[in-house]
file protein_36.txt (compact mmCIF, C-alpha atoms and all ligand atoms)
# COMPACT_ATOMS: atom_id res chain seq x y z
CA MET T 1 -57.10 -67.65 47.48
CA THR T 2 -56.47 -64.64 45.22
CA THR T 3 -59.44 -62.33 45.57
CA LEU T 4 -58.05 -58.79 45.53
CA PHE T 5 -55.33 -58.40 42.94
CA PHE T 6 -53.93 -55.78 40.62
CA GLN T 7 -54.98 -56.47 37.03
CA SER T 8 -51.36 -55.77 36.07
CA ASP T 9 -50.23 -58.81 38.09
CA VAL T 10 -52.60 -61.34 36.58
CA GLN T 11 -52.42 -62.65 33.01
CA ASP T 12 -55.79 -64.36 33.08
CA PRO T 13 -58.18 -63.18 35.79
CA TYR T 14 -60.93 -65.28 34.19
CA SER T 15 -59.26 -68.56 35.22
CA ILE T 16 -59.36 -67.31 38.84
CA TYR T 17 -63.05 -66.44 38.46
CA GLN T 18 -63.74 -69.88 36.94
CA LEU T 19 -62.11 -71.57 39.90
CA MET T 20 -64.07 -69.50 42.40
CA LEU T 21 -67.36 -69.93 40.54
CA GLY T 22 -66.87 -73.69 40.81
CA LYS T 23 -65.70 -73.82 44.42
CA ASN T 24 -66.72 -70.66 46.27
CA PRO T 25 -69.24 -68.52 44.39
CA ILE T 26 -69.88 -66.61 47.64
CA TYR T 27 -66.52 -66.37 49.40
CA TRP T 28 -65.48 -64.89 52.73
CA ASP T 29 -61.93 -63.57 52.36
CA GLU T 30 -60.69 -63.75 55.94
CA GLU T 31 -57.42 -61.98 55.22
CA ASN T 32 -59.03 -58.90 53.67
CA LYS T 33 -62.25 -59.20 55.68
CA ILE T 34 -64.51 -58.91 52.65
CA TRP T 35 -67.20 -61.03 50.99
CA VAL T 36 -66.40 -61.70 47.35
CA ILE T 37 -69.39 -62.55 45.18
CA TYR T 38 -68.82 -64.38 41.89
CA SER T 39 -72.07 -66.01 40.73
CA TYR T 40 -74.41 -64.19 38.35
CA GLU T 41 -77.44 -64.80 40.54
CA SER T 42 -75.79 -63.55 43.77
CA CYS T 43 -74.21 -60.51 42.10
CA ILE T 44 -77.69 -59.46 40.96
CA GLU T 45 -79.14 -60.09 44.41
CA ILE T 46 -76.55 -57.86 46.03
CA LEU T 47 -76.78 -55.07 43.43
CA LYS T 48 -80.58 -55.01 43.76
CA ASN T 49 -80.60 -55.20 47.55
CA PRO T 50 -81.43 -51.81 49.14
CA ASP T 51 -79.42 -52.87 52.21
CA ALA T 52 -76.24 -53.19 50.15
CA LEU T 53 -74.93 -49.63 50.24
CA ILE T 54 -72.09 -47.87 48.47
CA PRO T 55 -69.21 -47.62 50.98
CA VAL T 56 -68.48 -44.14 52.31
CA ILE T 57 -65.28 -42.53 51.07
CA ASN T 58 -63.58 -39.82 53.13
CA LEU T 59 -65.63 -40.07 56.35
CA ASN T 60 -65.55 -36.70 58.20
CA ASN T 61 -63.24 -35.42 55.49
CA GLU T 62 -60.33 -37.45 56.89
CA GLN T 63 -58.58 -36.95 53.53
CA LYS T 64 -58.66 -33.15 53.97
CA LEU T 65 -60.23 -32.25 50.65
CA ASN T 66 -60.92 -28.54 50.14
CA GLU T 67 -64.38 -27.01 49.70
CA HIS T 68 -64.83 -27.65 45.98
CA ALA T 69 -63.34 -31.13 45.97
CA LEU T 70 -65.57 -32.01 48.90
CA ASP T 71 -68.66 -30.62 47.16
CA ILE T 72 -67.94 -32.77 44.12
CA LEU T 73 -67.26 -35.94 46.10
CA ASN T 74 -70.27 -35.56 48.39
CA ASN T 75 -72.79 -35.00 45.61
CA LEU T 76 -71.91 -37.69 43.09
CA ALA T 77 -74.70 -40.12 42.22
CA ARG T 78 -72.11 -42.89 41.87
CA LEU T 79 -71.06 -42.57 45.51
CA SER T 80 -74.27 -41.71 47.30
CA ASN T 81 -77.01 -43.73 48.97
CA GLU T 82 -80.71 -43.63 49.73
CA ILE T 83 -82.53 -40.27 49.32
CA GLN T 84 -79.37 -38.34 48.37
CA HIS T 85 -78.77 -40.91 45.67
CA THR T 86 -82.29 -40.54 44.29
CA ILE T 87 -81.82 -36.77 43.96
CA ASN T 88 -78.26 -36.95 42.60
CA ARG T 89 -79.16 -39.62 40.06
CA GLU T 90 -82.22 -37.70 38.91
CA ILE T 91 -80.03 -34.66 38.24
CA ALA T 92 -77.30 -36.74 36.54
CA ASN T 93 -79.98 -38.30 34.33
CA LEU T 94 -81.48 -34.92 33.42
CA LEU T 95 -78.03 -33.64 32.49
CA PHE T 96 -77.25 -36.71 30.45
CA SER T 97 -80.55 -36.55 28.59
CA ASN T 98 -79.59 -33.03 27.45
CA LEU T 99 -76.42 -34.12 25.66
CA LYS T 100 -76.43 -32.87 22.09
CA SER T 101 -75.14 -35.26 19.49
CA VAL T 102 -71.73 -34.45 18.03
CA ASP T 103 -69.82 -35.77 15.07
CA ILE T 104 -67.67 -38.51 16.59
CA ASN T 105 -65.87 -39.28 13.33
CA THR T 106 -64.42 -35.78 13.05
CA ILE T 107 -63.06 -36.00 16.60
CA LEU T 108 -61.60 -39.45 15.98
CA TYR T 109 -60.05 -38.48 12.66
CA LYS T 110 -58.26 -35.53 14.26
CA LEU T 111 -57.01 -37.50 17.26
CA ILE T 112 -55.48 -40.17 15.01
CA LYS T 113 -54.07 -37.68 12.52
CA ASP T 114 -52.41 -35.61 15.29
CA ASP T 115 -50.46 -38.56 16.69
CA LEU T 116 -49.87 -40.89 13.75
CA ILE T 117 -46.16 -41.66 13.29
CA GLU T 118 -45.40 -43.59 10.10
CA ASN T 119 -48.81 -45.26 10.13
CA GLU T 120 -48.48 -46.25 13.76
CA VAL T 121 -50.51 -44.98 16.68
CA ASP T 122 -51.02 -45.90 20.33
CA TRP T 123 -54.78 -46.45 20.42
CA VAL T 124 -54.93 -46.08 24.23
CA ASN T 125 -53.07 -42.80 24.69
CA SER T 126 -54.07 -41.12 21.44
CA VAL T 127 -57.72 -42.14 21.27
CA CYS T 128 -59.17 -44.04 24.24
CA LYS T 129 -57.99 -41.64 26.94
CA LYS T 130 -59.35 -38.63 25.05
CA LEU T 131 -62.27 -39.46 22.82
CA PRO T 132 -65.10 -40.44 25.21
CA LEU T 133 -64.39 -37.44 27.44
CA LEU T 134 -64.09 -35.10 24.45
CA VAL T 135 -67.40 -36.35 23.06
CA VAL T 136 -69.15 -35.66 26.36
CA LEU T 137 -67.48 -32.24 26.70
CA LYS T 138 -68.34 -31.21 23.16
CA SER T 139 -71.89 -32.51 23.55
CA PHE T 140 -72.25 -30.01 26.40
CA GLY T 141 -70.72 -27.28 24.25
CA PHE T 142 -67.52 -26.62 26.24
CA THR T 143 -65.05 -24.33 24.46
CA ALA T 144 -61.83 -25.68 22.95
CA ASN T 145 -59.82 -24.09 25.79
CA ASP T 146 -61.98 -25.62 28.50
CA CYS T 147 -61.86 -29.01 26.75
CA ALA T 148 -58.06 -28.82 26.67
CA PHE T 149 -57.84 -27.88 30.35
CA ILE T 150 -60.18 -30.64 31.50
CA LEU T 151 -58.53 -33.22 29.25
CA ASP T 152 -55.20 -32.30 30.77
CA LYS T 153 -56.42 -32.52 34.37
CA ILE T 154 -58.83 -35.44 34.21
CA GLU T 155 -56.25 -38.00 35.30
CA ILE T 156 -55.87 -36.06 38.55
CA LEU T 157 -59.58 -35.45 38.97
CA VAL T 158 -60.62 -39.12 38.61
CA LYS T 159 -58.51 -39.91 41.68
CA ILE T 160 -61.22 -38.19 43.72
CA MET T 161 -63.07 -41.55 43.50
CA LEU T 162 -60.26 -43.51 45.17
CA PRO T 163 -61.15 -44.83 48.64
CA ASN T 164 -57.58 -44.08 49.75
CA LYS T 165 -55.60 -41.13 48.46
CA SER T 166 -51.99 -40.14 49.06
CA LYS T 167 -51.22 -36.64 50.38
CA GLU T 168 -49.84 -35.71 46.98
CA GLU T 169 -53.03 -36.89 45.25
CA VAL T 170 -55.17 -34.85 47.65
CA LYS T 171 -53.02 -31.78 47.00
CA LEU T 172 -53.43 -32.10 43.22
CA ILE T 173 -57.17 -32.84 43.47
CA ASN T 174 -57.62 -29.75 45.62
CA GLN T 175 -55.66 -27.66 43.11
CA VAL T 176 -57.77 -28.61 40.06
CA SER T 177 -61.21 -28.86 41.69
CA GLU T 178 -61.89 -25.14 42.08
CA ARG T 179 -61.09 -24.31 38.45
CA ILE T 180 -63.07 -27.25 37.06
CA PHE T 181 -65.99 -26.37 39.33
CA SER T 182 -66.03 -22.82 38.01
CA ILE T 183 -65.61 -23.88 34.35
CA VAL T 184 -68.59 -26.21 34.67
CA GLU T 185 -70.67 -23.62 36.56
CA LYS T 186 -70.02 -21.05 33.81
CA GLN T 187 -70.98 -23.59 31.14
CA LEU T 188 -74.21 -24.56 32.87
CA LEU T 189 -75.32 -20.93 32.89
CA LEU T 190 -75.21 -20.97 29.08
CA PHE T 191 -77.62 -23.89 28.75
CA ASP T 192 -81.27 -23.31 27.86
CA PHE T 193 -82.14 -26.35 29.92
CA TYR T 194 -80.39 -25.19 33.14
CA LYS T 195 -83.21 -23.03 34.56
CA PRO T 196 -85.99 -25.53 33.71
CA LEU T 197 -83.83 -28.25 35.25
CA LEU T 198 -83.38 -26.26 38.48
CA ASN T 199 -87.11 -25.50 38.57
CA LYS T 200 -88.03 -29.09 38.02
CA ILE T 201 -85.78 -30.30 40.81
CA SER T 202 -87.02 -27.64 43.24
CA GLU T 203 -90.60 -28.74 42.53
CA LEU T 204 -89.67 -32.35 43.30
CA GLU T 205 -87.34 -31.90 46.25
CA VAL T 206 -87.29 -29.54 49.21
CA LEU T 207 -83.77 -28.21 48.85
CA PRO T 208 -82.28 -24.70 48.74
CA LEU T 209 -81.51 -23.53 45.21
CA ASP T 210 -77.81 -23.18 46.01
CA GLU T 211 -77.70 -26.81 47.03
CA ILE T 212 -79.39 -27.91 43.79
CA LYS T 213 -76.87 -25.87 41.80
CA LYS T 214 -73.96 -27.54 43.62
CA ILE T 215 -75.40 -30.99 43.00
CA THR T 216 -75.88 -30.18 39.32
CA ILE T 217 -72.33 -28.90 38.85
CA SER T 218 -70.90 -31.87 40.75
CA ASN T 219 -72.83 -34.42 38.73
CA LEU T 220 -71.84 -32.88 35.42
CA ILE T 221 -68.25 -33.25 36.65
CA GLY T 222 -69.22 -36.80 37.66
CA LEU T 223 -70.25 -37.57 34.07
CA LEU T 224 -66.83 -36.38 32.91
CA ILE T 225 -65.08 -38.54 35.51
CA GLN T 226 -67.16 -41.61 34.67
CA SER T 227 -66.59 -41.25 30.94
CA TYR T 228 -62.80 -41.35 31.32
CA ASP T 229 -61.69 -44.76 32.67
CA ALA T 230 -64.64 -46.86 31.59
CA GLY T 231 -64.80 -45.11 28.20
CA ARG T 232 -61.11 -45.77 27.70
CA GLY T 233 -61.64 -49.42 28.60
CA ILE T 234 -64.59 -50.15 26.32
CA LEU T 235 -62.67 -48.77 23.31
CA SER T 236 -59.43 -50.59 24.19
CA ASN T 237 -60.82 -54.00 25.02
CA SER T 238 -63.25 -54.04 22.09
CA LEU T 239 -60.49 -53.23 19.62
CA LEU T 240 -58.37 -56.12 20.94
CA GLN T 241 -61.20 -58.65 20.60
CA ILE T 242 -62.26 -57.37 17.18
CA ILE T 243 -58.73 -57.68 15.82
CA LYS T 244 -58.30 -61.11 17.38
CA HIS T 245 -61.58 -62.51 16.09
CA LYS T 246 -61.69 -60.51 12.83
CA THR T 247 -65.27 -59.43 13.51
CA PHE T 248 -65.29 -56.14 11.63
CA SER T 249 -67.08 -56.79 8.33
CA ASN T 250 -69.90 -54.31 8.95
CA LYS T 251 -71.31 -51.97 11.60
CA ALA T 252 -73.76 -54.53 13.00
CA THR T 253 -70.94 -57.01 13.52
CA ILE T 254 -68.87 -54.35 15.26
CA GLN T 255 -71.76 -53.58 17.61
CA LYS T 256 -72.25 -57.25 18.44
CA SER T 257 -68.51 -57.51 19.08
CA VAL T 258 -68.57 -54.54 21.45
CA ILE T 259 -71.44 -56.10 23.42
CA GLU T 260 -69.75 -59.53 23.57
CA THR T 261 -66.49 -57.86 24.64
CA LEU T 262 -68.37 -56.23 27.50
CA ARG T 263 -69.31 -59.72 28.67
CA PHE T 264 -66.10 -61.53 27.74
CA ASP T 265 -63.37 -59.02 28.64
CA PRO T 266 -64.96 -56.01 30.36
CA PRO T 267 -63.06 -52.93 31.52
CA ILE T 268 -64.84 -52.85 34.89
CA HIS T 269 -64.29 -56.04 36.87
CA ASN T 270 -65.84 -55.34 40.23
CA THR T 271 -67.66 -52.87 42.43
CA ARG T 272 -68.00 -52.52 46.22
CA ARG T 273 -70.84 -52.46 48.70
CA ILE T 274 -71.27 -52.57 52.48
CA ALA T 275 -74.12 -54.36 54.29
CA ASN T 276 -76.43 -51.92 56.07
CA ALA T 277 -78.38 -54.84 57.61
CA ASP T 278 -77.94 -58.63 57.63
CA ILE T 279 -78.26 -59.90 54.04
CA THR T 280 -79.11 -63.53 53.29
CA LEU T 281 -77.78 -65.15 50.13
CA GLY T 282 -78.96 -68.77 50.03
CA LYS T 283 -77.41 -70.37 53.10
CA THR T 284 -74.97 -67.51 53.69
CA THR T 285 -75.60 -64.52 55.92
CA ILE T 286 -73.64 -61.36 55.31
CA LYS T 287 -73.71 -59.46 58.58
CA LYS T 288 -74.49 -55.79 58.97
CA GLY T 289 -71.30 -53.75 58.55
CA GLU T 290 -69.44 -56.37 56.48
CA LYS T 291 -67.78 -55.40 53.22
CA ILE T 292 -68.73 -56.90 49.86
CA MET T 293 -66.99 -57.03 46.48
CA VAL T 294 -69.29 -57.86 43.55
CA VAL T 295 -67.23 -59.43 40.76
CA LEU T 296 -69.18 -58.40 37.66
CA ALA T 297 -66.58 -59.89 35.32
CA ALA T 298 -66.96 -63.29 37.01
CA ALA T 299 -70.76 -63.15 36.78
CA ASN T 300 -70.29 -62.62 33.03
CA ARG T 301 -68.45 -65.96 32.91
CA ASP T 302 -70.99 -67.91 34.98
CA LEU T 303 -71.96 -70.97 32.94
CA GLN T 304 -75.31 -71.15 34.73
CA LYS T 305 -76.10 -68.01 32.73
CA PHE T 306 -73.83 -68.07 29.67
CA GLU T 307 -73.33 -71.37 27.81
CA ASN T 308 -69.76 -72.03 26.62
CA GLU T 309 -68.85 -69.04 28.71
CA SER T 310 -65.17 -69.01 27.69
CA ASN T 311 -65.97 -68.65 23.99
CA PHE T 312 -66.07 -65.21 22.41
CA ASP T 313 -69.31 -65.59 20.47
CA ILE T 314 -70.94 -62.49 19.06
CA GLU T 315 -74.07 -64.47 18.12
CA ARG T 316 -74.83 -65.69 21.65
CA PHE T 317 -78.50 -64.88 22.29
CA ASN T 318 -78.05 -63.32 25.75
CA ASN T 319 -74.75 -61.42 25.47
CA ASN T 320 -76.54 -58.22 26.35
CA GLU T 321 -77.39 -59.59 29.79
CA ASN T 322 -73.82 -59.10 30.98
CA LEU T 323 -73.41 -57.23 34.27
CA THR T 324 -70.67 -54.89 33.10
CA PHE T 325 -72.80 -51.76 33.53
CA GLY T 326 -74.09 -52.96 36.89
CA ILE T 327 -77.80 -53.41 37.63
CA GLY T 328 -80.33 -52.03 40.13
CA GLY T 329 -80.40 -48.50 41.53
CA HIS T 330 -76.82 -47.59 40.62
CA MET T 331 -76.83 -49.08 37.13
CA CYS T 332 -74.81 -47.04 34.65
CA LEU T 333 -76.90 -44.38 32.95
CA ALA T 334 -74.62 -44.33 29.91
CA LYS T 335 -74.96 -47.95 28.78
CA HIS T 336 -76.47 -47.27 25.37
CA PHE T 337 -74.43 -44.13 24.88
CA SER T 338 -71.20 -46.05 25.53
CA ILE T 339 -72.08 -48.99 23.29
CA ASN T 340 -73.06 -46.62 20.46
CA LEU T 341 -69.92 -44.55 20.92
CA ALA T 342 -67.67 -47.61 20.76
CA THR T 343 -69.55 -48.94 17.72
CA GLU T 344 -69.26 -45.63 15.86
CA VAL T 345 -65.57 -45.24 16.64
CA LEU T 346 -64.56 -48.79 15.77
CA TRP T 347 -66.68 -48.88 12.63
CA PHE T 348 -65.06 -45.64 11.45
CA LEU T 349 -61.61 -47.12 12.13
CA PHE T 350 -62.21 -50.38 10.26
CA ASN T 351 -64.26 -48.87 7.45
CA GLU T 352 -61.80 -46.08 6.78
CA HIS T 353 -58.62 -48.18 6.97
CA LYS T 354 -58.40 -51.52 5.29
CA ILE T 355 -55.58 -53.03 7.34
CA ILE T 356 -55.34 -52.59 11.09
CA THR T 357 -52.52 -54.59 12.65
CA LEU T 358 -51.84 -55.08 16.34
CA LEU T 359 -48.17 -54.37 17.05
CA GLU T 360 -48.11 -55.65 20.64
CA ASN T 361 -47.36 -59.26 21.61
CA ASN T 362 -48.12 -58.84 25.23
CA ILE T 363 -50.69 -56.36 26.52
CA GLU T 364 -49.81 -54.82 29.88
CA TYR T 365 -52.54 -53.64 32.19
CA GLU T 366 -52.73 -50.75 34.65
CA PRO T 367 -52.03 -51.61 38.31
CA LEU T 368 -55.67 -51.23 39.36
CA ILE T 369 -57.97 -53.61 41.22
CA ASN T 370 -61.40 -52.79 39.88
CA THR T 371 -60.67 -52.01 36.25
CA ARG T 372 -58.77 -53.91 33.56
CA LEU T 373 -57.27 -51.23 31.32
CA PRO T 374 -54.50 -51.86 28.75
CA LYS T 375 -51.61 -49.42 29.21
CA THR T 376 -50.88 -49.12 25.50
CA ILE T 377 -52.13 -50.72 22.30
CA TRP T 378 -49.83 -49.85 19.41
CA ILE T 379 -51.45 -50.53 16.06
CA SER T 380 -50.53 -49.85 12.48
CA ILE T 381 -53.15 -48.38 10.18
CA LYS T 382 -53.08 -48.70 6.42
C1 LIG T 401 -69.76 -41.55 28.87
C2 LIG T 401 -69.51 -42.63 29.55
C3 LIG T 401 -70.11 -42.94 30.90
C4 LIG T 401 -70.77 -42.12 31.77
C5 LIG T 401 -71.08 -40.66 31.63
C6 LIG T 401 -71.17 -42.95 32.90
C7 LIG T 401 -71.88 -42.52 34.00
C8 LIG T 401 -72.21 -43.28 35.09
C9 LIG T 401 -72.83 -42.77 36.29
C10 LIG T 401 -73.24 -41.32 36.54
C11 LIG T 401 -72.96 -43.80 37.14
C12 LIG T 401 -73.55 -43.74 38.55
C13 LIG T 401 -74.99 -44.08 38.54
C14 LIG T 401 -75.55 -44.19 39.93
O1 LIG T 401 -74.79 -44.43 40.89
O2 LIG T 401 -76.77 -44.01 40.10
C15 LIG T 401 -72.43 -44.98 36.50
C16 LIG T 401 -72.39 -46.23 37.07
C17 LIG T 401 -71.75 -47.27 36.49
N1 LIG T 401 -71.12 -47.30 35.27
FE1 LIG T 401 -71.03 -45.82 33.92
N2 LIG T 401 -70.73 -44.23 32.69
C18 LIG T 401 -70.07 -44.25 31.49
C19 LIG T 401 -69.47 -45.33 30.90
C20 LIG T 401 -69.42 -46.57 31.45
C21 LIG T 401 -68.82 -47.71 30.82
C22 LIG T 401 -68.19 -47.72 29.42
C23 LIG T 401 -68.93 -48.75 31.70
C24 LIG T 401 -68.49 -50.16 31.55
C25 LIG T 401 -68.00 -50.68 30.48
C26 LIG T 401 -69.59 -48.26 32.89
C27 LIG T 401 -69.89 -49.00 34.01
C28 LIG T 401 -70.58 -48.55 35.10
C29 LIG T 401 -70.91 -49.38 36.25
C30 LIG T 401 -70.50 -50.83 36.50
C31 LIG T 401 -71.65 -48.58 37.12
C32 LIG T 401 -72.30 -49.00 38.43
C33 LIG T 401 -71.37 -49.08 39.57
C34 LIG T 401 -72.03 -49.68 40.77
O3 LIG T 401 -73.21 -50.11 40.75
O4 LIG T 401 -71.35 -49.76 41.80
N3 LIG T 401 -69.89 -46.94 32.70
N4 LIG T 401 -71.97 -44.63 35.24
call {"tool": "encode", "arguments": {"input": "protein_36.txt", "output": "structure tokens", "more": "lines below"}}
Ligand code: HEM
result
Amino acid sequence: MTTLFFQSDVQDPYSIYQLMLGKNPIYWDEENKIWVIYSYESCIEILKNPDALIPVINLNNEQKLNEHALDILNNLARLSNEIQHTINREIANLLFSNLKSVDINTILYKLIKDDLIENEVDWVNSVCKKLPLLVVLKSFGFTANDCAFILDKIEILVKIMLPNKSKEEVKLINQVSERIFSIVEKQLLLFDFYKPLLNKISELEVLPLDEIKKITISNLIGLLIQSYDAGRGILSNSLLQIIKHKTFSNKATIQKSVIETLRFDPPIHNTRRIANADITLGKTTIKKGEKIMVVLAAANRDLQKFENESNFDIERFNNNENLTFGIGGHMCLAKHFSINLATEVLWFLFNEHKIITLLENNIEYEPLINTRLPKTIWISIK
């Protein structure tokens, strides 16, 4: 059975999910020693179960990260559990709620204009890899120089999330972490909301101020990291579906298309947990210590939940109940932000240009297991 695969190696992962949903919705993969969960109901049960923890990355700093890289990794809401998670998430949420709104269209217009060659542009490299991160950076007021530096280094920095890193990756992560840490620290000091935020957290939690500062810096960096891959994916995959199904007549239709794309062809396909106690799912017991992969993209194709699950249907009444942003304690805190961003960007593209043509016959995907990200999407714009 194919459970763990690179998205680059599989043309249609959804046919695999369909097979597993029918035969083995809760599957023990003996070869990889991991439970793989496909059904909508069981995915929710796992994601909401407090005994299903986020697996630890870099136990006892076996990867040899330096001080700043280690600070970032150890304080991210996305990777933490229990009380640390509560604190980290609270801080990430406070930061996110202080984002100022920026003019997305101006950013998009410039990105396209800079790279357009005879009406053709690679949507992935020119827009998707830059725009979501730039929007977040500009919403926090980072200078043009800092934006350029972070944009240039983000591909290295996101590797901090990898469970396994090569020596070379560790070296590069260590090199960029200190500078990014200090850029973000400097920026936080300029915010009106920084002191009240620190005060609020010290009222709620018994932690030294230095620790709270570190957590805040790390989680702002975490927001940058999170906006990169998933932000790239939502813009890429939505464009492909909108072109294919010609669902671009107005902004509301674009928004519905983005939401249905998140169900039908999401950028994030799965996420991992580890059982901290025995977990019962129907007749199955997942034992303490066993690994779990929650296949969100399969849950989105579960016909117990979504009728005619293989149809792209923007009018489906429950499209919004897809699991692409996760659910439970670790659910994405940027769900609405991301959907709005993608809607704005794609509406601007289709409203501004009357003919958008896909120039690729065969989309290739990155060699990644948990995300399905097109490598390039060349389009012509007229
Ligand atoms: C600006 C863009 C984004 C930011 C800043 C962001 C931020 C975050 C953060 C901080 C978390 C961790 C929350 C926690 O552990 O308590 C998270 C989780 C998550 N995000 Fe996002 N996110 C963004 C975009 C997206 C997009 C576009 C998707 C999917 C299309 C996505 C999917 C997820 C998922 C699935 C999780 C939960 C992972 C799990 O439960 O294991 N995110 N996000």
call {"tool": "residues_near_ligand", "arguments": {"input": "protein_36.txt", "ligand": "ligand LIG 401 (chain T)", "cutoff": "8 Å", "atoms": "all atoms listed in the file", "output": "NGL selection string"}}
result
:T and (47 or 54 or 76-80 or 85-86 or 88-89 or 92-93 or 96 or 132-133 or 136 or 219 or 222-234 or 262 or 266-268 or 270-273 or 296 or 323-335 or 337-339)
call {"tool": "atom_distance", "arguments": {"input": "protein_36.txt", "atom1": "atom CA of Thr261 of chain T", "atom2": "atom CA of Asn320 of chain T"}}
result
10.2 Å
call {"tool": "atom_distance", "arguments": {"input": "protein_36.txt", "atom1": "atom CA of Ser236 of chain T", "atom2": "atom CA of Ser380 of chain T"}}
result
14.7 Å
call {"tool": "closest_residue", "arguments": {"input": "protein_36.txt", "among": "T:Ile379, T:Ile83, T:Met20, T:Ile173", "to": "Thr2 of chain T", "atoms": "only C-alpha atoms"}}
result
T:Met20
call {"tool": "residues_around", "arguments": {"input": "protein_36.txt", "residues": "Phe317 of chain T", "least_positions_apart": "5", "cutoff": "12 Å", "atoms": "only C-alpha atoms", "output": "PyMOL selection string"}}
result
chain T and resi 256+259-260+305-307+322
call {"tool": "atom_distance", "arguments": {"input": "protein_36.txt", "atom1": "atom CA of Leu111 of chain T", "atom2": "atom CA of Leu95 of chain T"}}
result
26.2 Å
call {"tool": "residues_around", "arguments": {"input": "protein_36.txt", "residues": "Phe191 of chain T", "least_positions_apart": "6", "cutoff": "12 Å", "atoms": "only C-alpha atoms", "output": "number ranges by chain"}}
result
T: 95, 98-100, 139-142, 184-185, 197-198
call {"tool": "closest_residue", "arguments": {"input": "protein_36.txt", "among": "T:Asp103, T:Glu205, T:Asp122, T:Glu155", "to": "Ile91 of chain T", "atoms": "all atoms listed in the file"}}
result
T:Glu205
call {"tool": "residues_around", "arguments": {"input": "protein_36.txt", "residues": "segment 275-286 of chain T", "least_positions_apart": "4", "cutoff": "12 Å", "atoms": "all atoms listed in the file", "output": "JSON, numbers by chain"}}
result
{"T": [24, 25, 26, 27, 28, 33, 34, 35, 36, 37, 39, 41, 42, 43, 44, 45, 46, 47, 48, 49, 50, 51, 52, 53, 54, 55, 56, 81, 82, 290, 291, 292, 293]}
call {"tool": "residues_near_point", "arguments": {"input": "protein_36.txt", "point": "(-57.9, -57.3, 39.9)", "cutoff": "9 Å", "atoms": "all atoms listed in the file", "output": "short mmCIF file (atom, residue, chain, number, x, y, z; two decimals) with C-alpha atoms, in the coordinates of the input"}}
result
data_model
loop_
_atom_site.label_atom_id
_atom_site.label_comp_id
_atom_site.auth_asym_id
_atom_site.auth_seq_id
_atom_site.Cartn_x
_atom_site.Cartn_y
_atom_site.Cartn_z
CA THR T 3 -59.44 -62.33 45.57
CA LEU T 4 -58.05 -58.79 45.53
CA PHE T 5 -55.33 -58.40 42.94
CA PHE T 6 -53.93 -55.78 40.62
CA GLN T 7 -54.98 -56.47 37.03
CA SER T 8 -51.36 -55.77 36.07
CA ASP T 9 -50.23 -58.81 38.09
CA VAL T 10 -52.60 -61.34 36.58
CA PRO T 13 -58.18 -63.18 35.79
CA HIS T 269 -64.29 -56.04 36.87
CA ASN T 270 -65.84 -55.34 40.23
CA PRO T 367 -52.03 -51.61 38.31
CA LEU T 368 -55.67 -51.23 39.36
CA ILE T 369 -57.97 -53.61 41.22
CA ASN T 370 -61.40 -52.79 39.88
CA THR T 371 -60.67 -52.01 36.25
CA ARG T 372 -58.77 -53.91 33.56
#
call {"tool": "closest_residue", "arguments": {"input": "protein_36.txt", "among": "T:Thr376, T:Gln84, T:Ser182, T:Ser310", "to": "Asp146 of chain T", "atoms": "all atoms listed in the file"}}
result
T:Ser182
call {"tool": "closest_residue", "arguments": {"input": "protein_36.txt", "among": "T:Val121, T:Ile242, T:Ile217, T:Leu204", "to": "Glu90 of chain T", "atoms": "all atoms listed in the file"}}
result
T:Leu204
call {"tool": "residues_around", "arguments": {"input": "protein_36.txt", "residues": "Lys375 of chain T", "least_positions_apart": "5", "cutoff": "8 Å", "atoms": "all atoms listed in the file", "output": "PyMOL selection string"}}
result
chain T and resi 124+363-366
call {"tool": "residues_around", "arguments": {"input": "protein_36.txt", "residues": "Leu358 of chain T", "least_positions_apart": "5", "cutoff": "9 Å", "atoms": "only C-alpha atoms", "output": "list in words"}}
result
Leu240, Ile243, Lys244, Ile377, Trp378, Ile379 and Ser380 of chain T
call {"tool": "closest_residue", "arguments": {"input": "protein_36.txt", "among": "T:Lys129, T:Arg301, T:Lys287, T:His68", "to": "Ile16 of chain T", "atoms": "only C-alpha atoms"}}
result
T:Arg301
call {"tool": "closest_residue", "arguments": {"input": "protein_36.txt", "among": "T:Glu321, T:Glu211, T:Glu168, T:Asp152", "to": "Tyr40 of chain T", "atoms": "all atoms listed in the file"}}
result
T:Glu321
